[in-house]
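To be precise, the following lines are query06.txt, and they hold compact mmCIF, C-alpha atoms.
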```txt
# COMPACT_ATOMS: atom_id res chain seq x y z
CA MET A 234 63.59 108.09 125.34
CA LYS A 235 62.30 111.43 126.57
CA LEU A 236 59.04 112.69 125.20
CA SER A 237 60.65 115.98 124.17
CA ASP A 238 63.18 114.05 122.08
CA MET A 239 60.60 111.90 120.41
CA ARG A 240 60.10 112.58 116.76
CA VAL A 241 56.72 111.59 115.38
CA SER A 242 56.85 111.26 111.63
CA VAL A 243 53.42 110.56 110.25
CA ARG A 244 52.79 109.78 106.65
CA VAL A 245 49.24 108.80 105.72
CA PRO A 246 47.97 106.97 102.63
CA LEU A 247 44.51 108.11 101.52
CA LEU A 248 42.71 105.38 99.56
CA THR A 249 40.41 107.03 97.04
CA GLY A 250 38.92 103.93 95.44
CA VAL A 251 38.16 100.30 96.20
CA ALA A 252 40.79 99.14 93.72
CA CYS A 253 43.52 101.03 95.57
CA ILE A 254 42.75 99.11 98.77
CA THR A 255 43.77 95.78 97.25
CA LEU A 256 47.47 95.78 97.91
CA ALA A 257 47.94 92.59 95.99
CA ALA A 258 47.19 94.51 92.83
CA CYS A 259 50.04 96.95 93.44
CA ASN A 260 53.43 96.03 92.00
CA GLN A 261 55.28 98.65 94.06
CA PRO A 262 55.59 99.19 97.81
CA LEU A 263 52.84 101.30 99.37
CA ASP A 264 53.86 104.93 99.77
CA PHE A 265 52.80 106.06 103.26
CA ASP A 266 52.63 109.76 102.34
CA MET A 267 49.69 112.08 101.70
CA ARG A 268 51.34 113.47 98.59
CA GLY A 269 51.23 110.04 96.96
CA ILE A 270 47.44 110.29 96.70
CA GLY A 271 45.94 110.87 93.30
CA GLY A 272 49.10 110.13 91.33
CA GLY A 273 49.55 106.51 92.41
CA PHE A 274 51.97 105.28 95.02
CA SER A 275 55.17 105.80 93.03
CA THR A 276 57.67 108.48 93.97
CA ALA A 277 59.59 108.14 90.71
CA ASN A 278 58.65 111.68 89.76
CA ALA A 279 59.78 113.23 93.03
CA ALA A 280 62.77 114.77 91.27
CA GLN A 281 63.14 115.63 87.59
CA ALA A 282 66.88 116.34 87.52
CA ALA A 283 69.18 113.53 86.35
CA LEU A 284 71.10 111.84 89.16
CA ASP A 285 74.56 110.32 89.14
CA GLY A 286 75.05 106.65 89.85
CA ARG A 287 76.71 105.56 93.05
CA PRO A 288 80.54 105.55 92.78
CA ALA A 289 82.18 102.16 92.42
CA PRO A 290 83.86 100.85 95.60
CA ASP A 291 87.40 99.48 95.69
CA ASP A 292 88.25 95.81 96.08
CA ARG A 293 87.55 96.00 99.82
CA GLY A 294 84.09 97.43 99.14
CA VAL A 295 85.02 100.91 100.47
CA ILE A 296 83.79 104.23 99.07
CA SER A 297 85.77 107.09 100.57
CA TYR A 298 84.53 110.70 100.82
CA PRO A 299 86.37 113.61 102.49
CA ASN A 300 84.13 113.57 105.59
CA TYR A 301 83.20 109.90 105.93
CA GLN A 302 83.64 106.42 104.47
CA VAL A 303 81.11 103.68 103.74
CA ALA A 304 81.42 100.00 102.91
CA VAL A 305 79.34 98.15 100.32
CA ALA A 306 78.25 94.69 101.47
CA ARG A 307 78.83 91.63 99.34
CA GLN A 308 76.49 88.71 98.81
CA GLY A 309 76.25 86.70 102.04
CA ASP A 310 78.10 89.28 104.16
CA THR A 311 77.37 90.01 107.80
CA LEU A 312 78.77 92.95 109.76
CA VAL A 313 81.35 90.56 111.18
CA ASP A 314 82.60 89.83 107.64
CA VAL A 315 82.78 93.54 106.80
CA ALA A 316 84.58 94.33 110.07
CA ASN A 317 87.13 91.53 109.54
CA ARG A 318 87.76 92.63 105.95
CA LEU A 319 88.45 96.23 107.04
CA GLY A 320 90.12 95.57 110.38
CA LEU A 321 87.32 97.14 112.44
CA ASP A 322 85.68 96.15 115.71
CA ALA A 323 82.48 94.24 114.82
CA PRO A 324 80.42 95.25 117.92
CA GLN A 325 81.32 98.91 117.41
CA LEU A 326 80.38 98.69 113.71
CA ALA A 327 77.09 97.03 114.68
CA ARG A 328 76.20 99.72 117.25
CA PHE A 329 77.05 102.49 114.78
CA ASN A 330 74.65 101.04 112.18
CA GLY A 331 71.92 99.85 114.58
CA ILE A 332 72.00 96.21 113.46
CA ASN A 333 73.01 92.86 114.95
CA PRO A 334 76.51 91.87 113.79
CA ASN A 335 75.36 88.43 112.64
CA VAL A 336 72.32 89.52 110.61
CA PRO A 337 72.81 88.72 106.88
CA LEU A 338 73.22 91.85 104.77
CA ARG A 339 71.78 92.49 101.33
CA LYS A 340 74.17 92.65 98.39
CA ASP A 341 75.21 96.31 97.79
CA GLU A 342 73.81 97.44 101.17
CA ILE A 343 75.57 100.53 102.51
CA ILE A 344 77.39 100.19 105.86
CA ALA A 345 78.57 103.41 107.52
CA LEU A 346 82.06 103.24 109.04
CA PRO A 347 82.54 104.77 112.51
CA SER A 348 86.20 105.56 111.81
CA ARG A 349 88.35 105.91 108.71
CA VAL A 350 90.26 102.98 107.29
CA ALA A 351 93.12 103.12 104.79
CA GLU A 352 92.29 105.43 101.89
CA PRO A 353 91.54 103.82 98.52
CA SER A 354 94.47 103.52 96.11
CA PRO A 355 95.45 101.42 93.11
CA ALA A 356 96.76 98.91 95.65
CA THR A 357 93.18 98.42 96.93
CA GLY A 358 91.76 98.24 93.40
CA ALA A 359 90.52 101.86 93.28
CA ILE A 360 90.73 103.88 90.06
CA GLY A 361 92.40 106.75 91.93
CA THR A 362 94.23 107.66 95.08
CA GLY A 363 92.60 109.12 98.18
CA PRO A 364 88.97 110.06 98.84
CA ILE A 365 86.57 111.30 96.19
CA LYS A 366 87.21 115.03 95.76
CA PRO A 367 84.87 117.81 94.62
CA VAL A 368 85.20 118.83 90.97
CA ASP A 369 87.47 121.87 90.65
CA ILE A 370 85.68 123.82 87.93
CA SER A 371 88.46 126.40 87.56
CA THR A 372 91.06 123.69 87.02
CA VAL A 373 88.89 121.88 84.47
CA ALA A 374 88.14 125.11 82.61
CA GLY A 375 91.76 126.22 82.69
CA GLY A 376 92.92 122.92 81.29
CA ALA A 377 90.33 123.05 78.51
CA ILE A 378 91.47 126.57 77.50
CA ALA A 379 95.11 125.54 77.55
CA ARG A 380 94.41 122.64 75.19
CA THR A 381 92.29 124.68 72.75
CA PRO A 382 94.14 125.26 69.42
CA ALA A 383 94.61 128.87 68.29
CA THR A 384 92.12 130.22 65.76
CA PRO A 385 93.64 131.88 62.67
CA GLY A 386 93.27 135.66 62.76
CA VAL A 387 92.73 135.81 66.52
CA GLN A 388 95.41 137.02 68.88
CA THR A 389 96.10 134.46 71.57
CA THR A 390 97.99 134.54 74.82
CA THR A 391 100.73 132.06 75.51
CA LEU A 392 99.69 129.93 78.46
CA ALA A 393 101.97 128.30 80.95
CA PRO A 394 102.60 124.60 80.30
CA LEU A 395 100.40 122.13 82.13
CA PRO A 396 101.88 120.67 85.31
CA ALA A 397 103.17 117.16 85.30
CA ALA A 398 100.49 114.51 85.56
CA LYS A 399 99.68 113.40 89.07
CA ALA A 400 98.20 110.16 90.31
CA PRO A 401 94.55 109.99 89.26
CA SER A 402 91.86 110.77 91.82
CA GLN A 403 88.09 110.34 91.76
CA THR A 404 86.02 113.50 91.64
CA GLY A 405 82.37 114.04 92.46
CA LYS A 406 79.98 115.55 94.96
CA GLU A 407 79.86 114.18 98.49
CA PRO A 408 76.28 113.03 99.18
CA ILE A 409 74.35 113.85 102.32
CA ARG A 410 74.44 110.97 104.81
CA HIS A 411 70.99 110.69 106.43
CA LYS A 412 70.44 108.78 109.67
CA VAL A 413 66.99 107.17 109.70
CA GLU A 414 64.79 108.17 112.61
CA ARG A 415 61.82 106.37 114.10
CA GLY A 416 58.78 106.29 111.84
CA GLU A 417 60.59 107.28 108.64
CA THR A 418 60.22 105.29 105.42
CA ALA A 419 62.24 105.25 102.21
CA PHE A 420 59.48 107.31 100.60
CA THR A 421 59.43 110.02 103.27
CA VAL A 422 63.23 110.29 103.14
CA ALA A 423 63.13 110.48 99.33
CA ARG A 424 60.55 113.25 99.49
CA LEU A 425 62.52 115.08 102.18
CA TYR A 426 65.46 115.43 99.77
CA SER A 427 63.39 115.55 96.52
CA VAL A 428 64.94 112.45 94.97
CA PRO A 429 63.16 109.44 93.44
CA ALA A 430 62.74 106.56 95.88
CA LYS A 431 64.04 104.19 93.20
CA ASP A 432 67.39 106.03 93.05
CA LEU A 433 67.54 106.12 96.85
CA ALA A 434 67.01 102.35 96.90
CA GLU A 435 69.68 101.71 94.24
CA TRP A 436 72.27 103.88 95.98
CA ASN A 437 71.74 102.12 99.32
CA GLY A 438 71.04 98.55 98.23
CA LEU A 439 67.50 98.47 99.63
CA GLY A 440 65.32 95.43 99.14
CA ALA A 441 62.25 95.11 96.93
CA ASP A 442 60.06 96.24 99.85
CA PHE A 443 62.14 99.45 100.26
CA ALA A 444 62.39 98.66 103.99
CA ILE A 445 64.73 100.74 106.15
CA ARG A 446 65.47 100.57 109.87
CA GLU A 447 65.88 103.10 112.65
CA GLY A 448 69.52 104.13 113.01
CA GLN A 449 70.42 103.12 109.45
CA TYR A 450 72.57 105.52 107.40
CA LEU A 451 71.39 106.32 103.88
CA LEU A 452 73.36 108.08 101.14
CA ILE A 453 71.23 110.66 99.30
CA PRO A 454 71.82 110.50 95.51
CA VAL A 455 73.49 113.56 94.01
CA PRO A 456 72.61 115.30 90.72
CA SER A 457 74.64 114.65 87.60
CA GLN A 458 77.44 117.13 87.10
CA ASN A 459 77.99 117.67 83.40
CA PRO A 460 81.13 119.63 82.42
CA PRO A 461 80.45 123.07 80.93
CA LYS A 462 80.29 123.16 77.15
CA ALA A 463 83.04 125.21 75.49
CA ALA A 464 81.75 128.18 73.52
CA PRO A 465 82.58 128.02 69.76
CA ALA A 466 85.54 130.18 68.70
CA GLN A 467 84.56 133.49 67.09
CA SER A 468 86.78 135.50 64.78
CA ALA A 469 87.65 139.11 65.55
CA SER A 470 85.91 140.31 62.35
CA ALA A 471 82.64 138.71 63.41
CA THR A 472 82.58 140.55 66.73
CA THR A 473 80.18 143.53 66.80
CA LEU A 474 79.95 146.39 69.23
CA PRO A 475 76.94 146.62 71.53
CA GLY A 476 73.91 148.09 69.73
CA VAL A 477 75.44 147.65 66.28
CA GLY A 478 73.71 145.49 63.68
CA SER A 479 70.22 145.59 65.20
CA VAL A 480 67.34 147.80 64.05
CA THR A 481 64.95 149.33 66.54
CA PRO A 482 61.36 148.77 65.27
CA THR A 483 59.04 151.73 64.96
CA PRO A 484 56.05 151.45 67.31
CA PRO A 485 52.65 151.39 65.51
CA SER A 486 51.41 154.43 67.48
CA ALA A 487 54.16 156.56 65.94
CA THR A 488 52.90 156.03 62.36
CA LYS A 489 49.16 155.89 62.86
CA PRO A 490 47.48 157.64 65.81
CA LEU A 491 44.80 155.83 67.73
CA PRO A 492 41.18 156.88 67.02
CA ALA A 493 39.59 159.30 69.43
CA GLU A 494 37.61 157.57 72.14
CA LYS A 495 34.04 158.66 72.67
CA ILE A 496 32.50 157.98 76.06
CA GLU A 497 28.72 158.05 76.31
CA PRO A 498 27.23 159.11 79.66
CA ALA A 499 25.70 156.26 81.63
CA ALA A 500 21.92 156.06 81.54
CA GLN A 501 20.19 157.01 84.77
CA THR A 502 18.24 154.10 86.24
CA LYS A 503 15.91 154.06 89.15
CA PRO A 504 16.78 151.72 92.01
CA VAL A 505 14.61 148.63 92.21
CA GLN A 506 13.33 147.70 95.63
CA THR A 507 13.53 144.01 96.48
CA ALA A 508 12.11 142.15 99.39
CA VAL A 509 14.61 140.77 101.90
CA VAL A 510 14.16 137.02 102.21
CA THR A 511 15.55 135.35 105.30
CA PRO A 512 16.89 131.88 104.40
CA LYS A 513 15.45 129.03 106.38
CA PRO A 514 17.88 126.86 108.30
CA VAL A 515 18.75 123.61 106.56
CA ALA A 516 18.49 120.48 108.65
CA ASP A 517 21.60 118.33 109.00
CA VAL A 518 20.93 115.21 106.95
CA GLY A 519 24.36 113.63 107.46
CA LYS A 520 26.10 115.27 104.52
CA THR A 521 29.77 116.25 104.77
CA THR A 522 30.13 119.84 105.83
CA ALA A 523 33.12 122.15 105.78
CA PRO A 524 34.29 124.54 108.47
CA ALA A 525 32.75 127.93 107.80
CA ALA A 526 36.12 129.69 108.20
CA THR A 527 39.36 129.48 110.08
CA GLY A 528 38.94 128.99 113.81
CA LYS A 529 35.94 126.68 113.30
CA LEU A 530 37.47 123.30 114.11
CA VAL A 531 37.38 121.80 117.58
CA LYS A 532 40.44 120.32 119.24
CA PRO A 533 40.53 116.53 118.97
CA VAL A 534 41.44 116.43 122.70
CA SER A 535 41.55 119.05 125.43
CA GLY A 536 45.18 119.21 126.41
CA THR A 537 48.55 120.86 126.02
CA ILE A 538 50.34 121.29 122.70
CA ILE A 539 53.73 119.69 123.33
CA ARG A 540 55.03 120.05 119.76
CA ASP A 541 53.95 122.75 117.35
CA TYR A 542 53.57 122.77 113.59
CA ALA A 543 56.78 123.05 111.54
CA LYS A 544 56.48 122.63 107.78
CA GLY A 545 58.66 119.77 106.57
CA LYS A 546 59.55 118.65 110.11
CA ASN A 547 56.27 118.20 111.98
CA GLU A 548 53.29 118.38 109.62
CA GLY A 549 50.81 118.89 112.47
CA ILE A 550 50.66 119.49 116.20
CA ASN A 551 51.02 117.04 119.10
CA ILE A 552 48.41 117.49 121.86
CA LYS A 553 49.01 115.66 125.15
CA ALA A 554 46.20 114.55 127.44
CA ALA A 555 45.46 111.74 129.90
CA PRO A 556 45.74 108.15 128.61
CA GLY A 557 42.40 106.83 127.35
CA THR A 558 41.04 110.32 126.57
CA ALA A 559 38.51 110.25 123.71
CA VAL A 560 39.87 111.61 120.42
CA LYS A 561 37.10 113.60 118.70
CA ALA A 562 36.47 114.51 115.06
CA ALA A 563 37.37 118.17 114.55
CA ASP A 564 34.30 118.66 112.34
CA ALA A 565 31.64 116.73 110.47
CA GLY A 566 32.95 114.63 107.61
CA THR A 567 33.54 111.16 106.20
CA VAL A 568 36.24 108.71 107.28
CA ALA A 569 38.40 108.55 104.16
CA ALA A 570 41.06 106.11 105.39
CA ILE A 571 42.21 104.13 108.40
CA THR A 572 45.77 102.88 108.19
CA GLN A 573 48.80 102.61 110.45
CA SER A 574 52.31 104.02 110.83
CA ALA A 575 55.51 102.05 110.37
CA ASP A 576 55.23 101.07 114.06
CA GLY A 577 51.68 99.69 113.61
CA VAL A 578 49.98 102.64 115.35
CA PRO A 579 46.56 103.55 113.86
CA ILE A 580 46.06 106.67 111.73
CA ILE A 581 42.63 108.08 110.85
CA VAL A 582 41.90 110.47 107.97
CA VAL A 583 38.60 112.37 107.83
CA ARG A 584 37.55 114.17 104.65
CA HIS A 585 35.53 117.38 104.83
CA ALA A 586 34.08 119.51 102.05
CA ASP A 587 36.17 122.12 100.22
CA ASN A 588 39.04 119.63 99.82
CA LEU A 589 39.91 119.73 103.54
CA LEU A 590 41.34 116.73 105.41
CA THR A 591 42.06 116.17 109.10
CA VAL A 592 44.47 113.49 110.30
CA TYR A 593 44.56 111.81 113.74
CA ALA A 594 47.66 109.70 114.47
CA ASN A 595 49.24 107.96 117.48
CA VAL A 596 45.83 106.73 118.70
CA THR A 597 44.31 103.43 119.76
CA ASP A 598 40.90 101.75 120.07
CA VAL A 599 39.59 103.13 116.77
CA GLY A 600 35.78 103.30 116.93
CA VAL A 601 34.98 104.08 113.29
CA LYS A 602 35.60 102.45 109.95
CA ARG A 603 36.34 103.71 106.48
CA GLY A 604 33.31 105.30 104.84
CA ASP A 605 31.57 106.20 108.12
CA THR A 606 30.00 109.64 108.43
CA VAL A 607 31.12 111.37 111.61
CA SER A 608 29.71 114.43 113.32
CA ARG A 609 31.56 117.34 114.85
CA GLY A 610 33.00 116.32 118.24
CA GLN A 611 32.18 112.62 117.77
CA SER A 612 34.59 110.22 119.50
CA ILE A 613 36.57 108.26 116.89
CA ALA A 614 39.45 106.77 118.96
CA LYS A 615 41.33 107.05 122.27
CA LEU A 616 44.78 108.20 123.37
CA ARG A 617 47.47 105.63 123.99
CA GLY A 618 48.95 105.03 127.43
CA GLY A 619 52.19 106.09 129.07
CA ASP A 620 54.37 108.80 127.55
CA ASP A 621 52.62 108.21 124.19
CA SER A 622 49.32 109.69 125.42
CA PHE A 623 49.15 112.43 122.81
CA VAL A 624 47.43 112.78 119.43
CA HIS A 625 49.30 113.93 116.35
CA PHE A 626 46.73 116.16 114.58
CA GLU A 627 47.10 117.46 111.02
CA VAL A 628 45.00 119.71 108.80
CA ARG A 629 45.55 119.41 105.06
CA LYS A 630 44.21 121.41 102.15
CA GLY A 631 44.31 118.87 99.38
CA PHE A 632 47.53 116.98 100.00
CA ASP A 633 49.53 119.86 101.51
CA SER A 634 49.71 120.29 105.27
CA VAL A 635 48.82 123.63 106.83
CA ASP A 636 49.16 124.98 110.37
CA PRO A 637 46.19 123.59 112.36
CA ASN A 638 46.27 126.37 115.00
CA PRO A 639 44.28 129.00 113.02
CA PHE A 640 41.55 126.41 112.41
CA LEU A 641 41.03 125.52 116.07
CA ASN A 642 38.60 127.29 118.43
```
So, in terms of structure tokens, how does the structure I just supplied come out?
Amino acid sequence: MKLSDMRVSVRVPLLTGVACITLAACNQPLDFDMRGIGGGFSTANAAQAALDGRPAPDDRGVISYPNYQVAVARQGDTLVDVANRLGLDAPQLARFNGINPNVPLRKDEIIALPSRVAEPSPATGAIGTGPIKPVDISTVAGGAIARTPATPGVQTTTLAPLPAAKAPSQTGKEPIRHKVERGETAFTVARLYSVPAKDLAEWNGLGADFAIREGQYLLIPVPSQNPPKAAPAQSASATTLPGVGSVTPTPPSATKPLPAEKIEPAAQTKPVQTAVVTPKPVADVGKTTAPAATGKLVKPVSGTIIRDYAKGKNEGINIKAAPGTAVKAADAGTVAAITQSADGVPIIVVRHADNLLTVYANVTDVGVKRGDTVSRGQSIAKLRGGDDSFVHFEVRKGFDSVDPNPFLN
């Protein structure tokens, strides 16, 4: 894999108390994301809108959308079983989903199909014929109007008779199909699309640990689509013209004028001379200090920025240098957390004053521990070897990432 094609997705848990460190006390998977700090590790509140449930598959386990099809695994299935059931090539199906063909699948796990199979129909146990189609609002509304009885006293228009009933078809919104990239977790994908991780897990048949794999296809849950409510019928006599039936209130200033305002001249005061006191410098006693302003952080390594900041895509910058180069703290602070990415690569979080955090990922040989006080420019780790000899550096105000470039000297 070329370095330029490498996507580094870093999500860092910040442990704010001793109780949060004890993973055994947590009844949900750990959310490796900075925005999970402070509100627990759940992403259940990532989206407030109601979401639809996953459509039911046919007897073969196939859900068919206009642009792709997926299969839903059964208990005890492998990719070989799914391929045989659908008449597909098992090695090709395995390569398309990034999984060994003989690995047992979870019940209800989603398997992406590389090519289309026969469309669902009543013969395959589907409730309709053909792929799931988008809801045609105009057709639904037109049908509702056609079936509405006439209201006495209201002139109505004779509508054309409804067309003959056709074979039923499923309707709904086609979900986004996301291909998992290296370093992503179920929580980062859920946050990327603003859906609860629990719904993402239910739609895709994820396990209790919410584990996903590189190359896996995930269906992103879609919002509920409630049909529009019909407006109540209104008689012609009850209809009023615009501006009729409402009274314009009289403003208070039109009935009672405001009292005259009297402005007294300001009293003349003599300037008071004060002595200028030069503050004495305060010695550094190891307390956490904040950067005085933007442009006051030092680069963690002296090197070339090979990937710049892009909100939502790369939450920091990637700085390449020679393997084994010391990674330095950008400013004085306290080590708030030391954790690791999904690939087991260390991640260091340093807390500064004024709610500022700096993050150092894709490093090795960590030389500090959680709770340590570090000074500006102090070595805290080293760069990895080979093509991975770069540090992923983030600056965060609170839990939100910001562009690190304005902060660096």
message = So that I can check the surroundings of range 325-327 of chain A, please list as a list in words every protein, DNA and RNA residue that reaches within 7 Å of it, counting all atoms listed in the file and ignoring chain neighbours fewer than 6 positions away.
response =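 After dropping sequence-adjacent residues, the list is Leu312, Asn333, Pro334, Leu346 and Pro347 of chain A.
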task = Extract, using only C-alpha atoms, all DNA, RNA and protein residues at most 10 Å from Ala306 in chain A, discarding same-chain residues fewer than 2 positions from it, and format them as JSON, numbers by chain.
result = {"A": [293, 294, 295, 303, 304, 308, 309, 310, 311, 312, 314, 315, 337, 338, 339, 340, 341, 342, 343, 344, 438]}
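Nearest to Ile550 in chain A of all the residues A:Ala569, A:Val628, A:Ile296, A:Ile613 is A:Val628, based on all atoms listed in the file.
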CA of Asn638 in chain A to CA of Lys553 in chain A, distance in Å rounded to a single decimal = 15.0 Å
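Taking CA of Phe632 in chain A and CA of Pro454 in chain A as the two end points, the separation is 25.5 Å.
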key: CA of Pro408 in chain A to CA of Gln449 in chain A, distance in Å rounded to a single decimal   = 15.4 Å
Find the residues around Thr572 in chain A up to 7 Å (all atoms listed in the file counted), leave out those fewer than 4 positions away in its own chain, and share them as an mmCIF file with C-alpha atoms, keeping the file's coordinate frame.
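Okay, part_22.cif is ready:
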```
data_model
loop_
_atom_site.group_PDB
_atom_site.id
_atom_site.type_symbol
_atom_site.label_atom_id
_atom_site.label_comp_id
_atom_site.auth_asym_id
_atom_site.auth_seq_id
_atom_site.Cartn_x
_atom_site.Cartn_y
_atom_site.Cartn_z
ATOM 1 C CA PRO A 579 46.560 103.550 113.860
ATOM 2 C CA ILE A 580 46.060 106.670 111.730
ATOM 3 C CA ILE A 581 42.630 108.080 110.850
#
```
Neighbours of Ala543 in chain A within 10 Å (all atoms listed in the file; same-chain residues fewer than 6 positions away dropped), as a PDB file with C-alpha atoms, in the coordinates of the input?
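Output file result09.pdb is given in full below:
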```pdb
ATOM      1  CA  GLY A 549      50.810 118.890 112.470  1.00  0.00           C
ATOM      2  CA  ILE A 550      50.660 119.490 116.200  1.00  0.00           C
ATOM      3  CA  SER A 634      49.710 120.290 105.270  1.00  0.00           C
ATOM      4  CA  VAL A 635      48.820 123.630 106.830  1.00  0.00           C
ATOM      5  CA  ASP A 636      49.160 124.980 110.370  1.00  0.00           C
TER       6      ASP A 636
END
```
message = Counting all atoms listed in the file, which residue out of A:Leu452, A:Ile360, A:Ala570, A:Ala555 sits closest to Thr591 in chain A?
response =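 The shortest atom-to-atom distance to Thr591 in chain A comes from A:Ala570.
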request  = May I have the residues within 7 Å of Lys366 in chain A as number ranges by chain, using all atoms listed in the file and disregarding those fewer than 2 positions away in the same chain?
outcome  = A: 299, 364, 368, 403-405
key: Using all atoms listed in the file: which of A:Gly604, A:Gly286, A:Gly619, A:Pro429 has the shortest distance to Val568 in chain A   =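 That would be A:Gly604, the residue with the smallest distance to Val568 in chain A.
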Pull the neighbourhood of (39.5, 109.2, 115.2) for me: all residues within 12 Å in file coordinates, counting all atoms listed in the file, as a tab-separated table (two decimals) with C-alpha atoms, keeping the file's coordinate frame.
```tsv
chain	number	residue	atom	x	y	z
A	532	LYS	CA	40.44	120.32	119.24
A	533	PRO	CA	40.53	116.53	118.97
A	534	VAL	CA	41.44	116.43	122.70
A	558	THR	CA	41.04	110.32	126.57
A	559	ALA	CA	38.51	110.25	123.71
A	560	VAL	CA	39.87	111.61	120.42
A	561	LYS	CA	37.10	113.60	118.70
A	562	ALA	CA	36.47	114.51	115.06
A	563	ALA	CA	37.37	118.17	114.55
A	564	ASP	CA	34.30	118.66	112.34
A	565	ALA	CA	31.64	116.73	110.47
A	566	GLY	CA	32.95	114.63	107.61
A	567	THR	CA	33.54	111.16	106.20
A	568	VAL	CA	36.24	108.71	107.28
A	569	ALA	CA	38.40	108.55	104.16
A	570	ALA	CA	41.06	106.11	105.39
A	571	ILE	CA	42.21	104.13	108.40
A	572	THR	CA	45.77	102.88	108.19
A	579	PRO	CA	46.56	103.55	113.86
A	580	ILE	CA	46.06	106.67	111.73
A	581	ILE	CA	42.63	108.08	110.85
A	582	VAL	CA	41.90	110.47	107.97
A	583	VAL	CA	38.60	112.37	107.83
A	584	ARG	CA	37.55	114.17	104.65
A	591	THR	CA	42.06	116.17	109.10
A	592	VAL	CA	44.47	113.49	110.30
A	593	TYR	CA	44.56	111.81	113.74
A	594	ALA	CA	47.66	109.70	114.47
A	595	ASN	CA	49.24	107.96	117.48
A	596	VAL	CA	45.83	106.73	118.70
A	597	THR	CA	44.31	103.43	119.76
A	598	ASP	CA	40.90	101.75	120.07
A	599	VAL	CA	39.59	103.13	116.77
A	600	GLY	CA	35.78	103.30	116.93
A	601	VAL	CA	34.98	104.08	113.29
A	602	LYS	CA	35.60	102.45	109.95
A	603	ARG	CA	36.34	103.71	106.48
A	605	ASP	CA	31.57	106.20	108.12
A	606	THR	CA	30.00	109.64	108.43
A	607	VAL	CA	31.12	111.37	111.61
A	608	SER	CA	29.71	114.43	113.32
A	609	ARG	CA	31.56	117.34	114.85
A	610	GLY	CA	33.00	116.32	118.24
A	611	GLN	CA	32.18	112.62	117.77
A	612	SER	CA	34.59	110.22	119.50
A	613	ILE	CA	36.57	108.26	116.89
A	614	ALA	CA	39.45	106.77	118.96
A	615	LYS	CA	41.33	107.05	122.27
A	616	LEU	CA	44.78	108.20	123.37
A	624	VAL	CA	47.43	112.78	119.43
A	625	HIS	CA	49.30	113.93	116.35
A	626	PHE	CA	46.73	116.16	114.58
A	627	GLU	CA	47.10	117.46	111.02
```
Missing atoms in range 347-359 of chain A: can you complete it with N, CA and C atoms, as a short mmCIF file (atom, residue, chain, number, x, y, z; two decimals), in the coordinates of the input?
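Once everything was written out, this is rebuild_10.cif:
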```cif
data_model
loop_
_atom_site.label_atom_id
_atom_site.label_comp_id
_atom_site.auth_asym_id
_atom_site.auth_seq_id
_atom_site.Cartn_x
_atom_site.Cartn_y
_atom_site.Cartn_z
N PRO A 347 82.40 103.83 111.39
CA PRO A 347 82.54 104.77 112.51
C PRO A 347 83.87 105.49 112.53
N SER A 348 84.88 104.92 111.89
CA SER A 348 86.20 105.56 111.81
C SER A 348 86.79 105.26 110.45
N ARG A 349 87.78 106.07 110.05
CA ARG A 349 88.35 105.91 108.71
C ARG A 349 89.32 104.73 108.68
N VAL A 350 89.28 104.03 107.56
CA VAL A 350 90.26 102.98 107.29
C VAL A 350 91.23 103.51 106.24
N ALA A 351 92.14 102.68 105.79
CA ALA A 351 93.12 103.12 104.79
C ALA A 351 92.41 103.66 103.56
N GLU A 352 92.92 104.79 103.04
CA GLU A 352 92.29 105.43 101.89
C GLU A 352 92.43 104.54 100.65
N PRO A 353 91.44 104.59 99.76
CA PRO A 353 91.54 103.82 98.52
C PRO A 353 92.75 104.23 97.70
N SER A 354 93.31 103.28 96.97
CA SER A 354 94.47 103.52 96.11
C SER A 354 94.50 102.41 95.07
N PRO A 355 95.34 102.54 94.07
CA PRO A 355 95.45 101.42 93.11
C PRO A 355 95.78 100.09 93.77
N ALA A 356 96.45 100.16 94.94
CA ALA A 356 96.76 98.91 95.65
C ALA A 356 95.51 98.24 96.18
N THR A 357 94.43 99.00 96.45
CA THR A 357 93.18 98.42 96.93
C THR A 357 92.18 98.21 95.79
N GLY A 358 92.64 98.45 94.55
CA GLY A 358 91.76 98.24 93.40
C GLY A 358 90.95 99.46 93.03
N ALA A 359 91.25 100.64 93.61
CA ALA A 359 90.52 101.86 93.28
C ALA A 359 91.09 102.47 92.01
#
```
